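Report on one structure; see the data block that follows.
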Number of protein chains: 2
Amino acid sequence: MTDIINSNSESGEKFREQINFLIEIDKIKTIFRKTRLFDNSRTENDAEHSWHLCMYALTLKEYSNEPVDILKVLKMLLIHDLVEIYAGDTFLYSDKTKKQKKKEETDAAKKLFGLLPEEQGEEFLKLWEEFEEEKTAEAKFASALDRLEPVMQNCITKGATWKKHNIKKHQVIEKNNKIENGSEKLWEYASGIIDEAVLKGYLEE
Amino acid sequence: MTDIINSNSESGEKFREQINFLIEIDKIKTIFRKTRLFDNSRTENDAEHSWHLCMYALTLKEYSNEPVDILKVLKMLLIHDLVEIYAGDTFLYSDKTKKQKKKEETDAAKKLFGLLPEEQGEEFLKLWEEFEEEKTAEAKFASALDRLEPVMQNCITKGATWKKHNIKKHQVIEKNNKIENGSEKLWEYASGIIDEAVLKGYLEE
């Protein structure tokens with residue numbers, strides 16, 4: 001498939017590695033999540049999800065608990081799900097142990113970012129690790145957005161994914177209250193719509 | 001659809017406008033382009049395309065003719081196709097006049113960004129106008145990437161979209177040689193793979 005991309009003799013090895021990486025990550029468009037578009041027509045894929053979270057970040061930046069370097073937040077959000085090209089999507093409420101998931105995703109990150117020239121690959125790997133650790137202001141805000149979108153998707157689609165997988169309110173709270181670490185305002189909003197979802201019968205108590 | 005999102009009385013008017021904007025732009029995931037995924041399985045939608053261009057920008061930044069503010073490039077790429085939610089996708093080789101397209105898209109931009117709090121809406125509108133004018137270093141580089149991706153998609157899918165719409169080499173060159181304004185390196189690469197596409201029979205001379 002990629003011969004026409006690689007055969008341009010004018011281009012050096014570094015450029016070829018970069019182009020090959022950009023071709024490989026196209027596969028993220030075929031990794032589908034459990035949650036559904038707001039119009040409930042189908043599930044969302046990781047590329048669309050990543051784009052939307054970047055728009056959340058630009059639009060809702062002022063609600064981060066701490067000041068953030070927004071460029072770093074965007075970079076994290078753009079790459080945060082690339083590991084799923086090799087490791088697959090893990091449902092937030094999956095039984096898979098944290099250790100299992102961590103191992104699979106770390107291997108995937110090393111394989112994928114290893115396609116790039118060394119310096120660039122290391123930058124992306126570090127950004128991904130920082131996002132996963134949820135310790136810095138940028139990682140906490142980015143993770144808050146990553147949790148907020150599916151809550152909204154469920155509320156708007158009348159609990160489509162929650163109902164399909166028999167998710168209860170206490171699970172939604174447990175998995176999403178970390179939103180508060182990134183943004184008290186967004187957690188206040190998310191917990192408010194979760195309560196309403198229960199009242200409307202979109203989510204079981 | 002959006003009552004559950006709007007009814008949270010804790011949230012002020014500004015926040016409601018921001019959330020409504022984020023819900024409205026979900027529709028970009030249903031706007032499909034003419035070009036196809038690298039695996040040729042289906043056409044690409046605008047959300048996926050915008051995400052991918054951001055990854056192109058991060059990965060290929062060093063090949064911009066002029067130094068660029070990469071945050072500005074990312075912002076432009078994230079929002080550049082939002083107008084298509086109301087104006088629809090215009091094929092690069094469409095007969096629609098520039099003036100027609102410009103009018104439709106400007107109206108769409110005002111309508112869409114008008115959903116946001118004033119200051120934020122104006123920032124996005126200005127970024128979109130700057131992108132469209134292709135005068136600043138950031139706009140030229142972002143536009144170069146916006147042209148490069150479809151050339152690569154066509155080359156990898158053996159000219160799928162070019163063949164379907166009877167596009168000839170001179171049209172591809174005419175529409176894409178502006179890549180050079182943003183990046184000589186990327187135009188050297190793109191023109192090289194266009195020549196190879198002709199040799200392999202993916203594109204008519």
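Chain labels follow the order of the structure tokens: the first chain is A, the next B, and so on; residue numbering restarts at 1 in every chain, and ligands are counted from 1 in their shown order.
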Present chain A as a short mmCIF file (atom, residue, chain, number, x, y, z; two decimals) with C-alpha atoms, in the first residue's frame, least-squares fitted onto chain B over all of its C-alpha atoms paired in order.
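New file part_6.cif:
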```
data_model
loop_
_atom_site.label_atom_id
_atom_site.label_comp_id
_atom_site.auth_asym_id
_atom_site.auth_seq_id
_atom_site.Cartn_x
_atom_site.Cartn_y
_atom_site.Cartn_z
CA MET A 1 -32.29 16.68 22.35
CA THR A 2 -30.40 19.22 24.35
CA ASP A 3 -32.76 19.90 27.23
CA ILE A 4 -30.71 17.90 29.72
CA ILE A 5 -27.70 19.97 28.77
CA ASN A 6 -29.43 23.31 29.17
CA SER A 7 -31.45 22.80 32.27
CA ASN A 8 -28.68 22.84 34.85
CA SER A 9 -29.55 25.96 36.78
CA GLU A 10 -26.11 26.19 38.37
CA SER A 11 -24.59 27.11 35.04
CA GLY A 12 -24.56 30.63 33.71
CA GLU A 13 -25.53 31.81 30.23
CA LYS A 14 -21.93 31.92 29.01
CA PHE A 15 -21.29 28.29 29.96
CA ARG A 16 -24.55 27.23 28.32
CA GLU A 17 -23.53 28.91 25.06
CA GLN A 18 -20.20 27.09 25.14
CA ILE A 19 -21.82 23.71 25.79
CA ASN A 20 -24.38 24.30 23.04
CA PHE A 21 -21.59 25.13 20.59
CA LEU A 22 -19.77 21.91 21.51
CA ILE A 23 -22.97 19.94 20.90
CA GLU A 24 -23.70 21.66 17.59
CA ILE A 25 -20.24 20.98 16.14
CA ASP A 26 -20.70 17.24 16.70
CA LYS A 27 -22.45 17.42 13.31
CA ILE A 28 -19.09 17.75 11.57
CA LYS A 29 -18.72 13.99 12.14
CA THR A 30 -21.48 13.47 9.59
CA ILE A 31 -19.98 15.70 6.86
CA PHE A 32 -18.18 13.38 4.48
CA ARG A 33 -15.45 14.44 2.08
CA LYS A 34 -14.74 13.05 -1.38
CA THR A 35 -11.40 11.51 -0.43
CA ARG A 36 -10.98 8.08 1.12
CA LEU A 37 -9.21 6.58 4.12
CA PHE A 38 -5.78 5.12 3.35
CA ASP A 39 -7.28 1.61 3.55
CA ASN A 40 -9.82 2.69 0.87
CA SER A 41 -12.71 1.35 3.01
CA ARG A 42 -14.82 4.53 2.94
CA THR A 43 -14.68 8.31 2.57
CA GLU A 44 -13.32 10.43 5.40
CA ASN A 45 -15.38 12.81 7.47
CA ASP A 46 -14.38 16.35 8.44
CA ALA A 47 -13.72 15.57 12.11
CA GLU A 48 -11.27 12.78 11.26
CA HIS A 49 -9.67 14.94 8.59
CA SER A 50 -9.19 17.84 11.02
CA TRP A 51 -7.65 15.54 13.64
CA HIS A 52 -5.27 14.06 11.09
CA LEU A 53 -4.13 17.46 9.81
CA CYS A 54 -3.25 18.44 13.38
CA MET A 55 -1.03 15.36 13.57
CA TYR A 56 0.52 16.35 10.23
CA ALA A 57 1.23 19.79 11.67
CA LEU A 58 2.91 18.45 14.82
CA THR A 59 4.93 15.91 12.87
CA LEU A 60 5.96 18.00 9.84
CA LYS A 61 6.29 21.44 11.43
CA GLU A 62 10.01 21.64 10.61
CA TYR A 63 9.24 21.73 6.87
CA SER A 64 7.28 24.99 6.98
CA ASN A 65 9.00 27.61 4.80
CA GLU A 66 8.68 30.14 7.61
CA PRO A 67 8.73 29.62 11.38
CA VAL A 68 5.15 29.14 12.63
CA ASP A 69 3.27 29.55 15.89
CA ILE A 70 2.20 25.90 16.07
CA LEU A 71 -0.65 26.58 18.51
CA LYS A 72 -2.19 28.94 15.96
CA VAL A 73 -1.73 26.34 13.20
CA LEU A 74 -3.52 23.72 15.34
CA LYS A 75 -6.38 26.07 16.18
CA MET A 76 -6.85 26.87 12.48
CA LEU A 77 -6.84 23.22 11.51
CA LEU A 78 -9.28 22.27 14.27
CA ILE A 79 -11.86 24.82 13.13
CA HIS A 80 -11.12 25.21 9.39
CA ASP A 81 -13.93 22.95 8.16
CA LEU A 82 -16.61 23.74 10.77
CA VAL A 83 -18.38 25.99 8.26
CA GLU A 84 -19.22 22.87 6.27
CA ILE A 85 -21.79 21.93 8.93
CA TYR A 86 -24.03 24.55 7.30
CA ALA A 87 -22.36 25.11 3.91
CA GLY A 88 -21.56 21.46 3.05
CA ASP A 89 -18.32 20.06 1.67
CA THR A 90 -17.14 21.61 -1.60
CA PHE A 91 -14.99 19.29 -3.70
CA LEU A 92 -11.62 20.87 -4.52
CA TYR A 93 -12.38 20.41 -8.23
CA SER A 94 -15.97 21.67 -8.00
CA ASP A 95 -17.41 24.11 -10.56
CA LYS A 96 -18.90 26.24 -7.83
CA THR A 97 -17.52 29.76 -8.22
CA LYS A 98 -15.16 31.09 -5.57
CA LYS A 99 -17.59 33.91 -4.87
CA GLN A 100 -20.52 31.53 -4.26
CA LYS A 101 -18.46 29.32 -1.97
CA LYS A 102 -17.09 32.33 -0.09
CA LYS A 103 -20.57 33.75 0.49
CA GLU A 104 -22.01 30.45 1.75
CA GLU A 105 -19.08 29.75 4.02
CA THR A 106 -18.89 33.25 5.46
CA ASP A 107 -22.59 33.10 6.36
CA ALA A 108 -22.02 29.68 7.93
CA ALA A 109 -19.03 30.91 9.95
CA LYS A 110 -20.99 33.84 11.34
CA LYS A 111 -23.92 31.61 12.27
CA LEU A 112 -21.80 28.91 13.90
CA PHE A 113 -19.26 31.03 15.75
CA GLY A 114 -22.14 33.33 16.72
CA LEU A 115 -23.34 30.57 19.06
CA LEU A 116 -20.35 31.26 21.32
CA PRO A 117 -19.79 34.04 23.84
CA GLU A 118 -18.84 37.11 21.80
CA GLU A 119 -15.10 37.26 22.46
CA GLN A 120 -14.58 33.56 21.83
CA GLY A 121 -16.73 33.57 18.70
CA GLU A 122 -14.75 36.48 17.30
CA GLU A 123 -11.44 34.73 17.96
CA PHE A 124 -12.58 31.66 16.00
CA LEU A 125 -14.06 33.77 13.19
CA LYS A 126 -10.78 35.68 12.81
CA LEU A 127 -8.77 32.45 12.80
CA TRP A 128 -11.02 31.01 10.12
CA GLU A 129 -10.73 34.17 7.99
CA GLU A 130 -6.95 34.16 8.39
CA PHE A 131 -6.83 30.51 7.27
CA GLU A 132 -9.01 31.27 4.24
CA GLU A 133 -6.86 34.21 3.15
CA GLU A 134 -3.66 32.11 3.11
CA LYS A 135 -1.43 35.10 3.74
CA THR A 136 0.25 34.51 7.11
CA ALA A 137 2.93 31.88 7.69
CA GLU A 138 0.50 29.82 9.81
CA ALA A 139 -2.29 29.97 7.23
CA LYS A 140 0.06 29.02 4.38
CA PHE A 141 1.44 26.04 6.28
CA ALA A 142 -2.02 24.88 7.45
CA SER A 143 -3.36 25.14 3.88
CA ALA A 144 -0.40 23.17 2.55
CA LEU A 145 -1.27 20.30 4.90
CA ASP A 146 -4.95 20.54 3.94
CA ARG A 147 -3.91 19.92 0.31
CA LEU A 148 -1.21 17.35 1.01
CA GLU A 149 -3.45 14.83 2.81
CA PRO A 150 -5.87 14.31 -0.14
CA VAL A 151 -2.95 13.93 -2.58
CA MET A 152 -1.55 11.18 -0.37
CA GLN A 153 -5.01 9.61 0.03
CA ASN A 154 -5.39 9.45 -3.73
CA CYS A 155 -1.92 8.05 -4.33
CA ILE A 156 -2.37 5.32 -1.72
CA THR A 157 -5.85 4.35 -2.92
CA LYS A 158 -4.60 4.10 -6.52
CA GLY A 159 -6.30 7.32 -7.54
CA ALA A 160 -9.73 6.34 -6.21
CA THR A 161 -11.22 9.83 -6.02
CA TRP A 162 -9.33 11.23 -9.03
CA LYS A 163 -10.58 8.38 -11.22
CA LYS A 164 -14.16 8.55 -9.97
CA HIS A 165 -14.35 12.23 -10.87
CA ASN A 166 -12.20 12.09 -14.04
CA ILE A 167 -9.58 14.43 -12.64
CA LYS A 168 -6.48 14.96 -14.82
CA LYS A 169 -2.91 15.67 -13.79
CA HIS A 170 -2.99 19.34 -14.81
CA GLN A 171 -5.97 19.89 -12.48
CA VAL A 172 -4.19 18.22 -9.58
CA ILE A 173 -1.15 20.39 -10.17
CA GLU A 174 -3.17 23.59 -10.52
CA LYS A 175 -5.13 22.99 -7.34
CA ASN A 176 -2.24 21.77 -5.22
CA ASN A 177 0.84 23.72 -6.24
CA LYS A 178 -0.01 26.25 -3.54
CA ILE A 179 1.47 23.67 -1.17
CA GLU A 180 4.76 25.29 -2.17
CA ASN A 181 3.72 28.58 -0.54
CA GLY A 182 3.63 26.82 2.82
CA SER A 183 6.40 24.28 2.34
CA GLU A 184 8.80 23.78 -0.54
CA LYS A 185 9.78 20.40 0.91
CA LEU A 186 6.18 19.15 1.04
CA TRP A 187 5.50 20.35 -2.50
CA GLU A 188 8.64 18.58 -3.75
CA TYR A 189 7.30 15.43 -2.09
CA ALA A 190 3.70 15.89 -3.32
CA SER A 191 4.72 16.63 -6.92
CA GLY A 192 6.98 13.57 -6.81
CA ILE A 193 4.17 11.23 -5.81
CA ILE A 194 1.80 12.86 -8.33
CA ASP A 195 4.34 12.05 -11.08
CA GLU A 196 4.54 8.49 -9.84
CA ALA A 197 0.75 8.23 -9.74
CA VAL A 198 0.71 9.10 -13.45
CA LEU A 199 3.40 6.51 -14.20
CA LYS A 200 1.42 3.85 -12.34
CA GLY A 201 -1.84 4.75 -14.08
CA TYR A 202 -3.58 6.15 -10.99
CA LEU A 203 -3.94 9.57 -12.60
CA GLU A 204 -4.45 10.56 -16.23
CA GLU A 205 -1.86 12.79 -17.89
#
```
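DSSP on the backbone gives strand (DSSP E) for these parts of stretch 11-203 of chain B: B:Phe32, B:Arg33, B:Lys34, B:Thr35, B:Arg36, B:Thr43, B:Glu44, B:Asn45.
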**Prompt:** Tell me, which residues of stretch 49-145 of chain A carry DSSP helix (DSSP H, G or I), written as a ChimeraX atom specification?
**Reply:** /A:49-63,70-79,84-87,98-113,118-133,137-145
